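Report on one structure; see the data block that follows.
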Amino acid sequence: MRAVIYEQFGGPDVLTMIEIPEPSPCHDEVQVRVLAVAVDFIELHKRHGGSGRVGSPEEPSYGIGAPPWFPGGTACVEIIGLGSSVSGLSVGDRHLVGGLHPGAYVDIAVLPATKLTAGTPEAPGPTAFPESLTPTEAAAFNYAPVAYHTLRTTAGLKAGETVLIHAASGGTGVLAVQLAKHFGATVIGVVGSSHKVDPILALGADYVLNSETDDIASEVARLTRATGPNVVWDPVGGDTFTTSPDLMAEGGRLVSLGSNSFTGAATVDFLPFWTKNIRLIGWGGRSNNDAHAPSIMRDLLTLVTAQQLRPIVGAEYSLHQASNAHAAVESRQHVGKVVLVP
Ligand SMILES: NC(=O)c1ccc[n+]([C@@H]2O[C@H](COP(=O)([O-])OP(=O)(O)OC[C@H]3O[C@@H](n4cnc5c(N)ncnc54)[C@H](OP(=O)(O)O)[C@@H]3O)[C@@H](O)[C@H]2O)c1
């Protein structure tokens, strides 16, 4: 079977495809076919050899990702084989799940059966597959819990408030825009090029700014009549993070969820935190057990079924084009999630 691997840290070109034997499930494992896998930004960090903060090949982030490495995070999979002691799962079941061996940019993988918990329609589990979606859309939907938690659980975004959404065109950003509107907020999206403005307006954003041509601080002040947004949603970091507190409203919440700028460190002026009672909140799905709480999964799946929440697939690439897919994300080409389809 085919598997994408990198044998040294570096740019997208270090991703190559090799042929390896199909993994067989142990007694307590399932064998799955990968139907689609989203390119998660964290895979770019790993491939480069760091998270931005710990950026050297000698000291890879998270202690994972050191070559030789089979990349890939959460995938949309279909069960094709069951270990001898596995019960409660069936061949043909579809799940959204991470922790695949050898990786997720592969044709076929194995994983512990205990990782697959689809739950019931009333109480969906973390790996529930949204039945109304295609596998590529489902791979893009995987980021909905992140968008939900970062806006609602952590930042407490409320109806009537204003949220500034950076990287609004990203795979998580497009979901954050839609959810923020669903929560009744006024949404100011930020994108990095002019061709992304209209698609984000079409998703419901009230205003979309272009970081290449607009002075974000003065435009945000103008649009909020100098009040500033109540919530800033920041998956970019670096300068974006540094400039945020100054433009925020009294009592604002600044949510940091990633580092698309590849800069894990940022300069912080604490004065606006003190004078405006701003709160800084980090979010990491990995370290949060409530990330896929059944009540939240149910709400999100209901919104998807009602077509009130649309995962956006920016582009599909086949497995042998994995390096092109990573290059596309890194060069900020698409609106929505870039998805690999084995
Ligand atoms: N904490 C968590 O649990 C968690 C979970 C999932 C994702 N995340 C993080 O959330 C962030 C967004 O994830 P995502 O999967 O939605 O990302 P994505 O789809 O890959 O987002 C890519 C977009 O980010 C924007 N961007 C801004 N500066 C960039 C730069 N220097 N290089 C490349 N792109 C840049 C680009 O949009 P413009 O060109 O329009 O600016 C680009 O289209 C990532 O940092 C990811 O690691 C965190």
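The chains in the structure tokens are called A, B, ... from first to last as shown; in each chain the residues are counted from 1, and the ligands are counted from 1 in the order shown.
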All residues within 7 Å of ligand 1 are required, counting only C-alpha atoms and all ligand atoms; please report them as a CSV table (one decimal) with N, CA and C atoms, in the first residue's frame.
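Saved to result-v3.csv:
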```
chain,number,residue,atom,x,y,z
A,39,VAL,N,-5.3,18.3,5.7
A,39,VAL,CA,-4.0,18.7,6.0
A,39,VAL,C,-4.1,19.7,7.2
A,40,ASP,N,-3.6,19.2,8.4
A,40,ASP,CA,-3.7,20.0,9.6
A,40,ASP,C,-2.4,20.8,9.6
A,41,PHE,N,-2.6,22.1,10.0
A,41,PHE,CA,-1.4,23.0,10.0
A,41,PHE,C,-0.3,22.5,10.9
A,42,ILE,N,-0.6,21.7,11.9
A,42,ILE,CA,0.4,21.2,12.8
A,42,ILE,C,1.4,20.3,12.1
A,143,TYR,N,-12.8,20.1,12.2
A,143,TYR,CA,-12.3,21.3,12.9
A,143,TYR,C,-13.4,22.1,13.5
A,146,VAL,N,-13.2,22.5,17.3
A,146,VAL,CA,-12.2,23.5,17.7
A,146,VAL,C,-12.8,24.9,17.5
A,167,ALA,N,-7.2,34.7,10.0
A,167,ALA,CA,-7.2,33.5,9.1
A,167,ALA,C,-8.6,33.0,8.9
A,168,ALA,N,-9.5,33.9,8.6
A,168,ALA,CA,-10.9,33.5,8.4
A,168,ALA,C,-11.1,32.6,7.2
A,169,SER,N,-10.1,32.5,6.3
A,169,SER,CA,-10.2,31.7,5.2
A,169,SER,C,-9.6,30.3,5.5
A,170,GLY,N,-9.0,30.1,6.6
A,170,GLY,CA,-8.5,28.7,6.9
A,170,GLY,C,-9.6,27.7,7.2
A,171,GLY,N,-9.2,26.5,7.2
A,171,GLY,CA,-10.1,25.4,7.4
A,171,GLY,C,-10.9,25.5,8.7
A,172,THR,N,-10.3,26.0,9.7
A,172,THR,CA,-11.0,26.2,11.0
A,172,THR,C,-11.7,27.6,11.0
A,173,GLY,N,-11.0,28.6,10.3
A,173,GLY,CA,-11.6,29.9,10.2
A,173,GLY,C,-13.0,30.0,9.6
A,190,VAL,N,-10.6,38.4,8.8
A,190,VAL,CA,-9.3,38.9,8.2
A,190,VAL,C,-8.8,37.8,7.3
A,191,VAL,N,-8.5,38.2,6.0
A,191,VAL,CA,-7.9,37.3,5.1
A,191,VAL,C,-6.7,37.9,4.5
A,192,GLY,N,-5.9,37.1,3.8
A,192,GLY,CA,-4.6,37.5,3.3
A,192,GLY,C,-4.5,37.9,1.9
A,193,SER,N,-5.6,37.8,1.1
A,193,SER,CA,-5.6,38.2,-0.3
A,193,SER,C,-7.0,38.5,-0.7
A,196,LYS,N,-10.1,36.2,-1.5
A,196,LYS,CA,-10.7,35.5,-0.4
A,196,LYS,C,-11.8,36.3,0.3
A,235,PRO,N,-5.4,32.3,15.3
A,235,PRO,CA,-4.6,31.2,15.0
A,235,PRO,C,-3.3,31.5,14.3
A,236,VAL,N,-3.0,32.8,14.3
A,236,VAL,CA,-1.8,33.2,13.5
A,236,VAL,C,-0.6,33.5,14.3
A,257,LEU,N,-5.0,30.0,19.4
A,257,LEU,CA,-5.1,28.6,19.2
A,257,LEU,C,-4.1,28.0,18.2
A,258,GLY,N,-3.2,28.8,17.7
A,258,GLY,CA,-2.3,28.3,16.8
A,258,GLY,C,-1.3,29.3,16.4
A,259,SER,N,-0.4,28.9,15.4
A,259,SER,CA,0.7,29.8,15.0
A,259,SER,C,1.0,29.6,13.5
A,260,ASN,N,-0.1,30.0,12.8
A,260,ASN,CA,0.1,30.0,11.3
A,260,ASN,C,1.2,30.8,10.8
A,261,SER,N,1.7,31.8,11.6
A,261,SER,CA,2.8,32.7,11.2
A,261,SER,C,4.1,32.0,11.5
A,262,PHE,N,4.1,30.8,12.0
A,262,PHE,CA,5.3,30.0,12.4
A,262,PHE,C,6.1,30.7,13.5
A,283,TRP,N,-5.9,27.6,23.7
A,283,TRP,CA,-6.7,26.4,23.5
A,283,TRP,C,-5.9,25.3,22.8
A,284,GLY,N,-6.0,24.1,23.4
A,284,GLY,CA,-5.3,22.9,22.7
A,284,GLY,C,-6.2,21.8,22.9
A,285,GLY,N,-6.8,21.3,21.7
A,285,GLY,CA,-7.8,20.2,21.8
A,285,GLY,C,-7.2,19.0,22.4
A,286,ARG,N,-5.9,18.8,22.2
A,286,ARG,CA,-5.2,17.6,22.7
A,286,ARG,C,-5.3,17.5,24.3
A,329,VAL,N,-1.1,24.9,1.3
A,329,VAL,CA,-1.4,25.5,2.6
A,329,VAL,C,-0.4,26.6,3.0
A,330,GLU,N,0.9,26.2,2.8
A,330,GLU,CA,1.9,27.1,3.2
A,330,GLU,C,1.9,28.4,2.4
A,331,SER,N,1.5,28.4,1.1
A,331,SER,CA,1.5,29.6,0.3
A,331,SER,C,0.1,30.2,0.3
A,332,ARG,N,-0.8,29.8,1.2
A,332,ARG,CA,-2.0,30.5,1.6
A,332,ARG,C,-3.0,30.6,0.4
A,333,GLN,N,-3.0,29.6,-0.5
A,333,GLN,CA,-3.8,29.7,-1.7
A,333,GLN,C,-5.3,29.6,-1.6
A,334,HIS,N,-5.7,28.7,-0.7
A,334,HIS,CA,-7.1,28.3,-0.7
A,334,HIS,C,-8.0,28.9,0.3
A,335,VAL,N,-9.3,28.8,0.1
A,335,VAL,CA,-10.3,29.2,1.1
A,335,VAL,C,-10.9,27.8,1.6
A,336,GLY,N,-10.7,27.5,2.9
A,336,GLY,CA,-11.2,26.2,3.4
A,336,GLY,C,-10.1,25.2,3.6
A,337,LYS,N,-10.5,24.0,3.9
A,337,LYS,CA,-9.5,23.0,4.2
A,337,LYS,C,-9.0,22.3,3.0
A,338,VAL,N,-7.7,22.1,3.0
A,338,VAL,CA,-7.0,21.3,2.0
A,338,VAL,C,-7.1,19.9,2.4
```
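Per DSSP on the backbone, strand (DSSP E or B) in region 96-169 of chain A comprises Leu96, Val97, His101, Val106, Ile108, Ala109, Val110, Leu111, Pro112, Gly119, Pro124, Thr162, Val163, Leu164 and Ile165 of chain A.
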Self-check item: Distance query Gly252 (chain A) at most 8 Å, only C-alpha atoms, self and fewer than 3 positions along chain excluded, as a ChimeraX atom specification
Solution: /A:229-232,248-249,276-279
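Closest approach to Leu309 (chain A) among A:Gly204, A:Pro294, A:Gly88, A:Pro68: A:Gly204, based on only C-alpha atoms.
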Quiz prompt | Backbone-only DSSP, alpha helix (DSSP H) members of region 43-183 of chain A, as an MDAnalysis selection string | solution = chainID A and resid 43:48 135:141 144:148 173:182
Save the residues we just selected, N, CA and C atoms, as a short mmCIF file (atom, residue, chain, number, x, y, z; two decimals), in the first residue's frame?
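Written file, part.cif:
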```
data_model
loop_
_atom_site.label_atom_id
_atom_site.label_comp_id
_atom_site.auth_asym_id
_atom_site.auth_seq_id
_atom_site.Cartn_x
_atom_site.Cartn_y
_atom_site.Cartn_z
N GLU A 43 0.88 19.62 11.01
CA GLU A 43 1.75 18.73 10.22
C GLU A 43 2.84 19.54 9.51
N LEU A 44 2.54 20.80 9.19
CA LEU A 44 3.55 21.66 8.57
C LEU A 44 4.63 22.00 9.59
N HIS A 45 4.17 22.29 10.81
CA HIS A 45 5.12 22.60 11.88
C HIS A 45 6.05 21.41 12.12
N LYS A 46 5.44 20.22 12.21
CA LYS A 46 6.24 19.02 12.48
C LYS A 46 7.25 18.80 11.36
N ARG A 47 6.78 18.94 10.12
CA ARG A 47 7.65 18.69 8.97
C ARG A 47 8.82 19.66 8.93
N HIS A 48 8.56 20.89 9.40
CA HIS A 48 9.63 21.88 9.45
C HIS A 48 10.58 21.63 10.62
N PRO A 135 -16.89 12.12 2.51
CA PRO A 135 -15.67 11.94 3.32
C PRO A 135 -14.78 13.19 3.33
N THR A 136 -14.64 13.89 2.22
CA THR A 136 -13.78 15.08 2.22
C THR A 136 -14.40 16.19 3.07
N GLU A 137 -15.71 16.34 2.96
CA GLU A 137 -16.38 17.36 3.80
C GLU A 137 -16.26 16.98 5.28
N ALA A 138 -16.38 15.66 5.55
CA ALA A 138 -16.26 15.22 6.94
C ALA A 138 -14.87 15.53 7.48
N ALA A 139 -13.84 15.34 6.64
CA ALA A 139 -12.48 15.66 7.07
C ALA A 139 -12.38 17.14 7.43
N ALA A 140 -13.07 17.97 6.67
CA ALA A 140 -13.07 19.42 6.95
C ALA A 140 -13.90 19.73 8.20
N PHE A 141 -14.98 18.96 8.41
CA PHE A 141 -15.83 19.15 9.59
C PHE A 141 -15.07 18.88 10.89
N ALA A 144 -14.67 21.60 13.36
CA ALA A 144 -15.81 22.31 13.94
C ALA A 144 -15.75 22.35 15.47
N PRO A 145 -15.42 21.23 16.15
CA PRO A 145 -15.32 21.33 17.62
C PRO A 145 -14.28 22.36 18.06
N VAL A 146 -13.19 22.48 17.31
CA VAL A 146 -12.16 23.48 17.66
C VAL A 146 -12.75 24.88 17.55
N ALA A 147 -13.43 25.13 16.44
CA ALA A 147 -14.03 26.46 16.24
C ALA A 147 -15.06 26.74 17.34
N TYR A 148 -15.86 25.72 17.64
CA TYR A 148 -16.91 25.88 18.67
C TYR A 148 -16.29 26.24 20.02
N GLY A 173 -11.05 28.57 10.31
CA GLY A 173 -11.59 29.93 10.22
C GLY A 173 -12.96 29.96 9.56
N VAL A 174 -13.14 29.21 8.47
CA VAL A 174 -14.44 29.25 7.77
C VAL A 174 -15.56 28.71 8.65
N LEU A 175 -15.22 27.77 9.52
CA LEU A 175 -16.22 27.25 10.46
C LEU A 175 -16.46 28.24 11.59
N ALA A 176 -15.38 28.91 12.02
CA ALA A 176 -15.51 29.91 13.09
C ALA A 176 -16.40 31.07 12.65
N VAL A 177 -16.25 31.50 11.40
CA VAL A 177 -17.10 32.59 10.89
C VAL A 177 -18.57 32.19 10.98
N GLN A 178 -18.87 30.98 10.49
CA GLN A 178 -20.28 30.54 10.47
C GLN A 178 -20.83 30.35 11.89
N LEU A 179 -20.02 29.77 12.77
CA LEU A 179 -20.50 29.55 14.14
C LEU A 179 -20.69 30.87 14.87
N ALA A 180 -19.77 31.80 14.65
CA ALA A 180 -19.90 33.10 15.33
C ALA A 180 -21.20 33.79 14.90
N LYS A 181 -21.53 33.69 13.62
CA LYS A 181 -22.81 34.28 13.16
C LYS A 181 -23.97 33.52 13.81
N HIS A 182 -23.84 32.19 13.88
CA HIS A 182 -24.89 31.39 14.51
C HIS A 182 -25.10 31.81 15.98
#
```
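When the distance limit is 8 Å and only C-alpha atoms are what count, the residues near Leu82 (chain A), minus those fewer than 5 positions from it on the same chain, are Pro25, His27, Glu29, Val30, Gln31, Leu89, Ser90 and Val91 of chain A.
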Quiz prompt | For region 2-14 of chain A: contacts at 7 Å, only C-alpha atoms, fewer than 4 positions along chain excluded, given as number ranges by chain | solution = A: 18-20, 47-49, 57, 67-71, 105-107, 323, 326-327
Quiz item: Quick one: distance from CA of Leu280 (chain A) to CA of Ser244 (chain A) in Å, one decimal?
Solution: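 These two atoms are separated by 10.6 Å.
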Quiz item: Can you list, as number ranges by chain, every protein, DNA or RNA residue that comes within 6 Å of region 156-159 of chain A when you count only C-alpha atoms, leaving out same-chain residues fewer than 6 positions away?
Solution: A: 183-185
Quiz item: Could you work out how far CA of Gly264 (chain A) lies from CA of Gly282 (chain A), giving the answer in Å with one decimal?
Solution: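 Distance reported for this atom pair: 12.4 Å.
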Exercise. Show which residues sit within 12 Å of Ala306 (chain A), as a list in words. Count only C-alpha atoms, and ignore same-chain residues fewer than 6 positions away.
Key: Pro130, Glu131, Ser132, Leu133, Asp299 and Leu300 of chain A
